[in-house]
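Taking it in order: structure first as structure tokens, then the write-up.
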Amino acid sequence: MTDVNIMSHHKPIADLKSIACTVIRSRRKTASLQVTASGVQVRVPYQVTQQWVDQWLASKQSWIEQQYARVQQFVVEIEQGALLPYKGAFLVLSWVHGQRSRVVLQGQQLLVTVAAKTDQTEADQVRGIVKRWYKKQALSILPQRLEFWRQKLQKEITGLKVRDYKRRWGSCSSQGEIALNWRLLMASPTLQDYVMIHELCHLEHFDHSPKFWRAVAQHCPEWRVSREQLKQRTAWMYW
Ligand SMILES: [Zn+2]
């Protein structure tokens, strides 16, 4: 089933405070609902009326609001004193101006120096500097951990990349190459391990079949919890 001819519109749902709602119609048979930091995505079959959608959303109002509040808490803000998720804990962000841009990690303090530049806002500059720092850390930390699991699961991979994904935590190609989102570094080691085990198991099972999940469960019995926690943290992808 492919989504063809996607129609969508944005409108705040009157009863849902000001949560933006996108309705996507396609040749699907059932309706589904996804709540992300940017709002609610409703996927419905072509023939479903707007009135049905409105009523359906109204019936789920309190659940949607709860989910929305839950994902909102993971939105990354770049401001003085902001808490940035890092390895399952938080770093306290602060910045000063200086000759050269740089980042120093001192305990739980992430101290950024921003060199003057005119074409960007200060927050955007800091965001760029901090993201580069995270990517660098990810490059030195994630491959080591993947190698640990690769040996434990006795798998062969053809390569590993640390990527800037906006919609996924990791991937595994049919050629046996694994890619990990650098944002995984924001997550706890437990969640990092789950994603690595998940991708390594794809080397043998290329789908999400019961067989695949059984293989994952062998090394990660709590995979359901981890999968849910990562879903709640999709807002980490948006900065
Ligand atoms: Zn998968």
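Each chain in the structure tokens gets a letter, A, B and so on, in the order shown; residues start at 1 in every chain, and ligands are counted from 1 in the order they appear.
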Can you pull out every residue with an atom within 10 Å of ligand 1? Use only C-alpha atoms and all ligand atoms and format it as a ChimeraX atom specification.
/A:168-172,195,197-202,205-209,212-213
Excluding same-chain residues fewer than 3 positions from stretch 138-144 of chain A, what lies within 8 Å of it counting only C-alpha atoms, as a PyMOL selection string?
chain A and resi 134-135+147-148+160+162+180+182-185
I need the chosen residues saved as a compact mmCIF listing (two decimals), in the first residue's frame, with C-alpha atoms.
```txt
# COMPACT_ATOMS: atom_id res chain seq x y z
CA TYR A 134 27.79 16.42 19.64
CA LYS A 135 28.61 14.89 16.25
CA GLU A 147 31.79 -2.80 17.92
CA PHE A 148 31.10 -4.24 21.38
CA LEU A 160 29.54 2.12 9.97
CA VAL A 162 27.37 8.34 11.92
CA LEU A 180 23.62 5.58 13.48
CA TRP A 182 24.54 11.18 16.07
CA ARG A 183 21.55 12.27 18.21
CA LEU A 184 21.62 8.84 19.76
CA LEU A 185 24.31 10.32 21.98
```
Residues of stretch 36-124 of chain A in alpha helix (DSSP H), written as a list in words:
Gln50, Gln51, Trp52, Val53, Asp54, Gln55, Trp56, Leu57, Ala58, Ser59, Gln61, Ser62, Trp63, Ile64, Glu65, Gln66, Gln67, Tyr68, Ala69, Arg70, Val71, Gln72, Glu122, Ala123 and Asp124 of chain A
I'd like to know which of A:Val53, A:Ile178, A:Val225, A:Leu110 is closest to A:Leu83, using only C-alpha atoms.
A:Leu110
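Proximity ranking of A:Gly98, A:Phe74, A:Thr113, A:Phe90 relative to A:Thr36 places A:Phe74 first, based on only C-alpha atoms.
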Please, what distance in Å, to one decimal, runs between atom CA of A:Lys166 and atom CA of A:Gln61?
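Computed distance, atom CA of A:Lys166 to atom CA of A:Gln61, equals 27.3 Å.
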A:Trp133 surroundings by only C-alpha atoms, 8 Å radius, close-in-sequence under 4 positions cut, as number ranges by chain:
A: 103, 129, 137
Preceding selection exported with N, CA and C atoms as a PDB file, in the first residue's frame:
```pdb
ATOM      1  N   VAL A 103      34.180  24.646  22.324  1.00  0.00           N
ATOM      2  CA  VAL A 103      33.306  24.040  23.329  1.00  0.00           C
ATOM      3  C   VAL A 103      34.172  23.330  24.358  1.00  0.00           C
ATOM      4  N   ILE A 129      27.439  25.278  16.668  1.00  0.00           N
ATOM      5  CA  ILE A 129      28.662  24.885  17.379  1.00  0.00           C
ATOM      6  C   ILE A 129      28.397  23.653  18.246  1.00  0.00           C
ATOM      7  N   GLN A 137      31.583  14.028  19.330  1.00  0.00           N
ATOM      8  CA  GLN A 137      31.524  13.066  20.444  1.00  0.00           C
ATOM      9  C   GLN A 137      30.928  11.742  19.964  1.00  0.00           C
TER      10      GLN A 137
END
```
Which neighbours of A:Glu222 fall inside 12 Å, counting only C-alpha atoms, when residues of the same chain fewer than 3 positions from it are skipped, and could you give them as an MDAnalysis selection string?
chainID A and resid 190:191 193:195 197:198 213:214 216:219 225:229
Selection above as a file: C-alpha atoms, as a PDB file, in the first residue's frame:
```
ATOM      1  CA  THR A 190      20.268   1.569  27.401  1.00  0.00           C
ATOM      2  CA  LEU A 191      18.509   3.254  24.480  1.00  0.00           C
ATOM      3  CA  ASP A 193      22.255  -0.290  22.987  1.00  0.00           C
ATOM      4  CA  TYR A 194      18.701  -1.041  21.893  1.00  0.00           C
ATOM      5  CA  VAL A 195      19.172   0.805  18.579  1.00  0.00           C
ATOM      6  CA  ILE A 197      21.102  -4.369  18.703  1.00  0.00           C
ATOM      7  CA  HIS A 198      18.073  -3.564  16.553  1.00  0.00           C
ATOM      8  CA  TRP A 213      11.903  -9.194  17.496  1.00  0.00           C
ATOM      9  CA  ARG A 214      12.788 -12.526  19.103  1.00  0.00           C
ATOM     10  CA  VAL A 216      16.350  -8.468  19.448  1.00  0.00           C
ATOM     11  CA  ALA A 217      14.812  -9.715  22.711  1.00  0.00           C
ATOM     12  CA  GLN A 218      17.668 -12.167  23.237  1.00  0.00           C
ATOM     13  CA  HIS A 219      20.035  -9.283  23.878  1.00  0.00           C
ATOM     14  CA  VAL A 225      10.160   0.033  26.675  1.00  0.00           C
ATOM     15  CA  SER A 226      13.184   1.358  24.792  1.00  0.00           C
ATOM     16  CA  ARG A 227      11.250   1.602  21.528  1.00  0.00           C
ATOM     17  CA  GLU A 228       8.506   3.585  23.273  1.00  0.00           C
ATOM     18  CA  GLN A 229      10.989   5.891  25.001  1.00  0.00           C
TER      19      GLN A 229
END
```
Please identify which residues in stretch 45-222 of chain A DSSP calls strand (DSSP E or B) from the backbone, and express them as a short mmCIF file (atom, residue, chain, number, x, y, z; two decimals) with N, CA and C atoms, in the first residue's frame.
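Result file selection37.cif:
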```
data_model
loop_
_atom_site.label_atom_id
_atom_site.label_comp_id
_atom_site.auth_asym_id
_atom_site.auth_seq_id
_atom_site.Cartn_x
_atom_site.Cartn_y
_atom_site.Cartn_z
N PRO A 45 -8.23 7.01 5.34
CA PRO A 45 -8.57 6.66 3.96
C PRO A 45 -9.20 7.86 3.24
N LEU A 83 19.03 22.94 29.50
CA LEU A 83 19.50 21.59 29.78
C LEU A 83 19.52 20.79 28.48
N LEU A 84 20.69 20.31 28.10
CA LEU A 84 20.81 19.54 26.88
C LEU A 84 20.98 18.06 27.22
N PRO A 85 20.13 17.20 26.65
CA PRO A 85 20.25 15.78 26.94
C PRO A 85 21.59 15.24 26.43
N TYR A 86 22.22 14.42 27.26
CA TYR A 86 23.52 13.86 26.88
C TYR A 86 23.72 12.56 27.62
N ALA A 89 21.62 11.85 30.61
CA ALA A 89 21.58 12.87 31.66
C ALA A 89 21.48 14.24 30.97
N PHE A 90 21.90 15.29 31.67
CA PHE A 90 21.81 16.61 31.07
C PHE A 90 23.10 17.39 31.22
N LEU A 91 23.38 18.22 30.21
CA LEU A 91 24.47 19.18 30.31
C LEU A 91 23.82 20.57 30.42
N VAL A 92 24.45 21.43 31.17
CA VAL A 92 23.93 22.79 31.30
C VAL A 92 24.68 23.68 30.31
N LEU A 93 23.93 24.27 29.40
CA LEU A 93 24.54 25.07 28.34
C LEU A 93 24.73 26.52 28.76
N SER A 94 25.92 27.05 28.48
CA SER A 94 26.10 28.50 28.61
C SER A 94 27.12 28.95 27.59
N TRP A 95 27.08 30.22 27.23
CA TRP A 95 28.05 30.69 26.25
C TRP A 95 28.52 32.11 26.53
N VAL A 96 29.72 32.37 26.02
CA VAL A 96 30.31 33.71 26.08
C VAL A 96 30.86 34.03 24.69
N HIS A 97 31.21 35.28 24.47
CA HIS A 97 31.81 35.66 23.19
C HIS A 97 33.32 35.61 23.29
N GLY A 98 33.95 35.29 22.18
CA GLY A 98 35.41 35.21 22.21
C GLY A 98 35.99 35.26 20.81
N ARG A 102 34.55 27.67 20.33
CA ARG A 102 34.98 26.39 20.88
C ARG A 102 34.03 25.92 21.97
N VAL A 103 34.18 24.65 22.32
CA VAL A 103 33.31 24.04 23.33
C VAL A 103 34.17 23.33 24.36
N VAL A 104 33.87 23.56 25.63
CA VAL A 104 34.58 22.86 26.70
C VAL A 104 33.54 22.20 27.59
N LEU A 105 33.76 20.92 27.85
CA LEU A 105 32.88 20.20 28.78
C LEU A 105 33.56 20.15 30.14
N GLN A 106 32.92 20.78 31.14
CA GLN A 106 33.50 20.83 32.47
C GLN A 106 32.48 20.25 33.44
N GLN A 109 28.82 21.00 32.85
CA GLN A 109 28.68 22.30 32.21
C GLN A 109 29.24 22.26 30.80
N LEU A 110 28.43 22.65 29.83
CA LEU A 110 28.91 22.75 28.46
C LEU A 110 29.14 24.23 28.17
N LEU A 111 30.42 24.61 28.15
CA LEU A 111 30.78 26.01 28.02
C LEU A 111 31.17 26.30 26.58
N VAL A 112 30.38 27.17 25.94
CA VAL A 112 30.60 27.47 24.53
C VAL A 112 31.16 28.87 24.39
N THR A 113 32.15 29.02 23.53
CA THR A 113 32.64 30.34 23.16
C THR A 113 32.18 30.61 21.73
N VAL A 114 31.57 31.75 21.51
CA VAL A 114 31.04 32.09 20.19
C VAL A 114 31.85 33.23 19.60
N ALA A 115 32.41 33.00 18.41
CA ALA A 115 33.12 34.06 17.71
C ALA A 115 32.08 34.90 16.96
N GLY A 159 30.40 -1.68 7.07
CA GLY A 159 30.80 -0.31 7.37
C GLY A 159 29.89 0.30 8.41
N LEU A 160 30.35 1.40 8.99
CA LEU A 160 29.54 2.12 9.97
C LEU A 160 29.64 3.60 9.67
N LYS A 161 28.49 4.26 9.66
CA LYS A 161 28.48 5.70 9.46
C LYS A 161 27.72 6.36 10.59
N VAL A 162 28.14 7.54 10.97
CA VAL A 162 27.37 8.34 11.92
C VAL A 162 26.71 9.43 11.09
N ARG A 163 25.38 9.41 11.07
CA ARG A 163 24.64 10.26 10.14
C ARG A 163 23.78 11.29 10.86
N GLY A 170 18.66 4.89 13.48
CA GLY A 170 19.70 4.12 12.84
C GLY A 170 19.16 3.44 11.61
N SER A 171 20.05 2.81 10.83
CA SER A 171 19.60 2.06 9.67
C SER A 171 20.61 0.96 9.38
N CYS A 172 20.14 -0.01 8.60
CA CYS A 172 21.01 -1.10 8.20
C CYS A 172 20.72 -1.39 6.73
N GLU A 177 25.73 -2.40 5.76
CA GLU A 177 26.31 -1.20 6.36
C GLU A 177 25.34 -0.62 7.38
N ILE A 178 25.86 -0.28 8.54
CA ILE A 178 25.02 0.29 9.59
C ILE A 178 25.29 1.78 9.73
N ALA A 179 24.21 2.53 9.89
CA ALA A 179 24.35 3.96 10.14
C ALA A 179 23.62 4.30 11.43
N LEU A 180 24.22 5.16 12.22
CA LEU A 180 23.62 5.58 13.48
C LEU A 180 23.45 7.10 13.49
N ASN A 181 22.34 7.56 14.00
CA ASN A 181 22.08 8.98 14.12
C ASN A 181 22.97 9.54 15.26
#
```
